[in-house]
Amino acid sequence: MRIDFPGLQAFLSIAERGSFSRAAAHLNLSQTALSHRIKKLEEDLGLQLLARTTRQVALTPAGLELLPTARRIIGELSDTIDLLRARGRQRQAHIALGCLPTIAAYHLPRVLKQFNALHPGISIKIHDNSAGEIATLVQSGQAEFGVTIIAMNIWDLEVMPLIKERFVLLCTKDHEFAQRSFVNWAHLADTPLIRISPQAGNRALIDDALGDRRDALNWRYEVQHLQTAVGMVFERLGVAVVPNIAVATQGTAGLVALPLRNPGVSRTVGIIVKRGLPLGKPAQTLIELIQNYFKTIS
């Protein structure tokens, strides 16, 4: 059933103001346009709603019957539109995103500095969580987008790859491996290793690449975050397999990153967004800045 909302709005404005001229001024319409709306509504209903004379406008019985319903419908519609506009303004002034902790700590601040220069009034909430948690946040709408590991195809998420990087072995400069040009996984059989918890996307990539061989390695320590693993390597508690991007961050002075072979392991970091959900313009701008930043470091 088609509802003539412009006609109802015109009818309600005339009924409340008792005048075509005052109603036309309120709606910012010409009296001719207003009359056209009322005529169209009356023709659609097959009933006359207003009795017009040269001096006044009165409601017919049909108009009196329609008035309370029209007032309720237009009022509810107006309230809903006001609420949605307020949400839209709030969305334009706030961005929530998910981001891998290492990238959030050492790379995202540089992008946010650029973004703040363009949009100084916008607040940003950063969920620096694991890859699985970031996907959940984007799927649920709690984050507009995520910067995370692209490890699997999720039907309701769109993916924009940013960078592909290899995992490397991190050790101190005085470690026995430091002078090698690369390290095979077989060389690590008796070496204390620091691993990341199963909740992290990096751990899943490494486990999948190694298969059964992972159980033969000396996993001495397990941590939640890459930054913790880097700190433990620095204190010579063991060596760690980390994404190359972690080596390029702060806090790795005195450490050496060596290529890993047989097998080589890599990951793709990208941006995920909810499929079919339009982004606000500030979020689109932030994504473009992130994409441009990673082009400069790849």
# chains A, B, ... in the order shown; residues from 1 in each chain; ligands from 1
>>> residues_around(residues="A:Asp190", least_positions_apart="2", cutoff="9 Å", atoms="only C-alpha atoms", output="list of chain:residue names")
A:His187, A:Leu188, A:Pro192, A:Leu193, A:Leu217, A:Asn218
>>> residues_around(residues="stretch 156-167 of chain A", least_positions_apart="4", cutoff="8 Å", atoms="only C-alpha atoms", output="VMD selection string")
chain A and resid 139 150 241 to 245 259 to 260 264 to 275 291 294 to 295 298
>>> closest_residue(among="A:Val147, A:Ala15, A:Ile297, A:Leu59", to="A:Cys99", atoms="only C-alpha atoms")
A:Val147
>>> residues_around(residues="A:Ala178", least_positions_apart="4", cutoff="12 Å", atoms="only C-alpha atoms", output="ChimeraX atom specification")
/A:169-174,182-183,239,254-259
